[in-house]
Amino acid sequence: MQDISLQLLLLLFAAAFFAGFVDSIAGGGGLITVPAMLIAGIPPLQTLGTNKLQSICGAASATIAYARKGHVNLREQVPMAAMAAIGGVLGALLATVMPTEILRIIMPFLLIAIALYFALKPNITDIETHRRMTAMLFGLTVVPLIGFYDGAFGPGTGSFFMLGFVSLAGFGLLKATAHTKLLNFGSNFGALVVFLFSGAILWKIGILMGIGQFLGAQLGSRLAMRIGAKVIKPLLVIVCIAFAIKLLADPNNPVRLWIGH
């Protein structure tokens with residue numbers, strides 16, 4: 001592709017900064033960065049690969065911020081992050097043969113269900129609740145499955161991790177957010193390795209947006225740690241609904257094609 005103008009680079013940086021801010025609190029940064037890169041004229045494959053590069057910067061930034069305040073123990077969670085990375089690798093490898101139409105059909109409705117779960121369930125706070133699944137079982141099943149989804153498709157990964165941590169692992173919202181960022185880093189890293197070997201990364205744009213993601217995630221994670229569930233819960237609901245609307249608004253979405261719109 002041709003070189004992008006300075007104005008577009010600045011807009012991509014701003015989009016990445018805002019995406020890093022939102023993603024560090026409730027996930028959903030891809031809702032901002034992927035459309036921004038496509039609008040800038042970046043081809044879809046390069047958009048996916050470059051998005052993984054800049055996303056990993058935001059996930060690393062938020063993870064570091066949360067770890068410094070003791071909300072996630074990096075050494076204890078390395079195996080779980082590794083499982084997310086393995087899932088990300090497999091998902092990225094199989095992306096070309098996955099039935100993406102099925103994912104596009106069910107994704108909006110899953111995101112709406114997640115939004116309703118967090119909006120209507122009254123006892124979701126920063127306080128931990130009863131664990132429904134052991135840490136080992138959670139790490140061996142749920143984590144690589146969501147990591148696989150992240151590598152193959154991507155949108156809503158953070159929301160799925162959050163739902164898993166809150167509903168199955170019994171985490172409070174702030175702790176779930178902190179651990180979600182670590183697992184996002186793992187799944188992004190795994191997918192990034194695959195895209196790296198496929199040559200689908202635009203390094204100048206990815207590094208520039210990565211800096212924006214890093215700075216935005218620092219700001220967002222600090223706000224989340226200061227306010228906690230009061231900011232995480234509503235933003236998570238908004239992000240899920242926004243994702244669902246975006247997916248349903250796509251003219252190529254099979255649901256729209258079925259109903260004739």
# chains A, B, ... in the order shown; residues from 1 in each chain; ligands from 1
>>> residues_around(residues="Ala92 (chain A)", least_positions_apart="3", cutoff="7 Å", atoms="only C-alpha atoms", output="list in words")
Gly88, Val89, Ala95, Gly151, Ala152, Ala191 and Val194 of chain A
>>> write_last_selection(atoms="all heavy atoms", output="PDB file, in the first residue's frame")
ATOM      1  N   GLY A  88      -4.308 -18.563  20.929  1.00  0.00           N
ATOM      2  CA  GLY A  88      -4.172 -17.518  19.916  1.00  0.00           C
ATOM      3  C   GLY A  88      -3.447 -18.005  18.679  1.00  0.00           C
ATOM      4  O   GLY A  88      -3.820 -17.676  17.549  1.00  0.00           O
ATOM      5  N   VAL A  89      -2.404 -18.813  18.877  1.00  0.00           N
ATOM      6  CA  VAL A  89      -1.656 -19.377  17.743  1.00  0.00           C
ATOM      7  C   VAL A  89      -2.561 -20.266  16.901  1.00  0.00           C
ATOM      8  O   VAL A  89      -2.623 -20.140  15.665  1.00  0.00           O
ATOM      9  CB  VAL A  89      -0.435 -20.180  18.242  1.00  0.00           C
ATOM     10  CG1 VAL A  89       0.163 -21.006  17.111  1.00  0.00           C
ATOM     11  CG2 VAL A  89       0.618 -19.242  18.819  1.00  0.00           C
ATOM     12  N   ALA A  95      -7.563 -19.501  11.004  1.00  0.00           N
ATOM     13  CA  ALA A  95      -8.471 -18.412  10.634  1.00  0.00           C
ATOM     14  C   ALA A  95      -8.973 -18.533   9.203  1.00  0.00           C
ATOM     15  O   ALA A  95     -10.119 -18.173   8.905  1.00  0.00           O
ATOM     16  CB  ALA A  95      -7.780 -17.065  10.820  1.00  0.00           C
ATOM     17  N   GLY A 151      -7.511 -15.324  18.302  1.00  0.00           N
ATOM     18  CA  GLY A 151      -6.641 -15.477  17.152  1.00  0.00           C
ATOM     19  C   GLY A 151      -7.404 -15.621  15.852  1.00  0.00           C
ATOM     20  O   GLY A 151      -6.966 -15.145  14.804  1.00  0.00           O
ATOM     21  N   ALA A 152      -8.580 -16.247  15.895  1.00  0.00           N
ATOM     22  CA  ALA A 152      -9.340 -16.516  14.679  1.00  0.00           C
ATOM     23  C   ALA A 152     -10.249 -15.376  14.269  1.00  0.00           C
ATOM     24  O   ALA A 152     -10.472 -15.146  13.079  1.00  0.00           O
ATOM     25  CB  ALA A 152     -10.177 -17.779  14.869  1.00  0.00           C
ATOM     26  N   ALA A 191      -1.192 -14.911  18.433  1.00  0.00           N
ATOM     27  CA  ALA A 191      -1.649 -14.582  17.086  1.00  0.00           C
ATOM     28  C   ALA A 191      -0.614 -13.740  16.351  1.00  0.00           C
ATOM     29  O   ALA A 191      -0.427 -13.893  15.133  1.00  0.00           O
ATOM     30  CB  ALA A 191      -2.981 -13.839  17.158  1.00  0.00           C
ATOM     31  N   VAL A 194       2.014 -15.709  14.463  1.00  0.00           N
ATOM     32  CA  VAL A 194       1.544 -16.243  13.181  1.00  0.00           C
ATOM     33  C   VAL A 194       1.541 -15.157  12.112  1.00  0.00           C
ATOM     34  O   VAL A 194       2.030 -15.353  10.998  1.00  0.00           O
ATOM     35  CB  VAL A 194       0.136 -16.844  13.332  1.00  0.00           C
ATOM     36  CG1 VAL A 194      -0.392 -17.324  11.978  1.00  0.00           C
ATOM     37  CG2 VAL A 194       0.168 -18.006  14.325  1.00  0.00           C
TER      38      VAL A 194
END
>>> residues_around(residues="Phe189 (chain A)", least_positions_apart="6", cutoff="9 Å", atoms="only C-alpha atoms", output="list in words")
Lys52, Leu53, Ile56, Ala84, Ala85, Gly88 and Val89 of chain A
>>> residues_around(residues="region 61-71 of chain A", least_positions_apart="5", cutoff="10 Å", atoms="only C-alpha atoms", output="PyMOL selection string")
chain A and resi 20-21+23-25+55-56+174-185+210-211+213-222+224-225
>>> closest_residue(among="A:Ile86, A:Leu9, A:Val22, A:Leu145", to="Ile39 (chain A)", atoms="only C-alpha atoms")
A:Leu9
>>> atom_distance(atom1="CA of Leu48 (chain A)", atom2="CA of Val34 (chain A)")
7.4 Å
>>> atom_distance(atom1="CA of Gly139 (chain A)", atom2="CA of Met83 (chain A)")
6.8 Å
>>> atom_distance(atom1="CA of Ser167 (chain A)", atom2="CA of Gly147 (chain A)")
17.7 Å
>>> closest_residue(among="A:Thr33, A:Ser187, A:Ser198, A:Gln46", to="Met80 (chain A)", atoms="only C-alpha atoms")
A:Ser187
>>> decode(residues="region 149-227 of chain A", atoms="C-alpha atoms", output="short mmCIF file (atom, residue, chain, number, x, y, z; two decimals), in the first residue's frame")
data_model
loop_
_atom_site.label_atom_id
_atom_site.label_comp_id
_atom_site.auth_asym_id
_atom_site.auth_seq_id
_atom_site.Cartn_x
_atom_site.Cartn_y
_atom_site.Cartn_z
CA TYR A 149 -11.37 -17.19 19.32
CA ASP A 150 -9.13 -14.13 19.68
CA GLY A 151 -6.64 -15.48 17.15
CA ALA A 152 -9.34 -16.52 14.68
CA PHE A 153 -11.79 -13.63 14.95
CA GLY A 154 -11.12 -11.21 17.82
CA PRO A 155 -14.03 -8.84 18.58
CA GLY A 156 -15.33 -9.17 22.14
CA THR A 157 -12.42 -11.25 23.49
CA GLY A 158 -12.01 -9.05 26.55
CA SER A 159 -15.72 -9.28 27.31
CA PHE A 160 -15.59 -13.08 27.13
CA PHE A 161 -12.59 -13.22 29.47
CA MET A 162 -14.37 -10.85 31.87
CA LEU A 163 -17.51 -12.98 31.83
CA GLY A 164 -15.48 -16.12 32.50
CA PHE A 165 -13.53 -14.64 35.39
CA VAL A 166 -16.64 -13.16 37.05
CA SER A 167 -19.13 -15.99 36.50
CA LEU A 168 -16.83 -19.04 36.72
CA ALA A 169 -13.70 -18.00 38.61
CA GLY A 170 -15.58 -15.83 41.11
CA PHE A 171 -13.42 -12.74 40.59
CA GLY A 172 -14.53 -9.22 41.42
CA LEU A 173 -14.70 -6.82 38.47
CA LEU A 174 -11.38 -5.05 39.11
CA LYS A 175 -9.47 -8.31 39.57
CA ALA A 176 -11.19 -9.76 36.49
CA THR A 177 -10.18 -6.71 34.47
CA ALA A 178 -6.55 -7.01 35.58
CA HIS A 179 -6.35 -10.71 34.70
CA THR A 180 -8.19 -10.19 31.42
CA LYS A 181 -5.46 -7.81 30.26
CA LEU A 182 -2.78 -10.42 30.99
CA LEU A 183 -4.63 -13.10 29.04
CA ASN A 184 -5.31 -10.63 26.23
CA PHE A 185 -1.56 -10.11 26.07
CA GLY A 186 -1.04 -13.86 25.80
CA SER A 187 -3.61 -14.46 23.05
CA ASN A 188 -2.44 -11.37 21.13
CA PHE A 189 1.16 -12.55 21.36
CA GLY A 190 0.28 -15.99 20.04
CA ALA A 191 -1.65 -14.58 17.09
CA LEU A 192 1.08 -11.99 16.46
CA VAL A 193 3.66 -14.75 15.96
CA VAL A 194 1.54 -16.24 13.18
CA PHE A 195 0.97 -12.88 11.49
CA LEU A 196 4.67 -12.11 11.83
CA PHE A 197 5.64 -15.11 9.73
CA SER A 198 2.92 -14.31 7.20
CA GLY A 199 4.32 -10.81 6.65
CA ALA A 200 0.99 -9.16 7.46
CA ILE A 201 2.35 -6.44 9.78
CA LEU A 202 2.91 -2.78 8.88
CA TRP A 203 5.62 -1.96 11.38
CA LYS A 204 5.65 1.85 11.20
CA ILE A 205 1.91 2.10 11.74
CA GLY A 206 1.87 -0.69 14.31
CA ILE A 207 4.61 0.84 16.45
CA LEU A 208 3.07 4.32 16.27
CA MET A 209 -0.35 3.00 17.27
CA GLY A 210 1.30 0.79 19.87
CA ILE A 211 2.70 3.87 21.59
CA GLY A 212 -0.79 5.39 21.58
CA GLN A 213 -2.25 2.18 23.00
CA PHE A 214 0.42 2.03 25.72
CA LEU A 215 -0.25 5.60 26.89
CA GLY A 216 -4.04 5.25 26.72
CA ALA A 217 -3.94 1.99 28.69
CA GLN A 218 -1.88 3.62 31.43
CA LEU A 219 -4.54 6.30 31.86
CA GLY A 220 -7.47 3.88 31.66
CA SER A 221 -6.05 1.30 34.08
CA ARG A 222 -5.32 3.98 36.67
CA LEU A 223 -8.87 5.26 36.41
CA ALA A 224 -10.22 1.71 36.78
CA MET A 225 -8.12 1.09 39.88
CA ARG A 226 -9.25 4.36 41.42
CA ILE A 227 -12.99 3.95 40.78
#
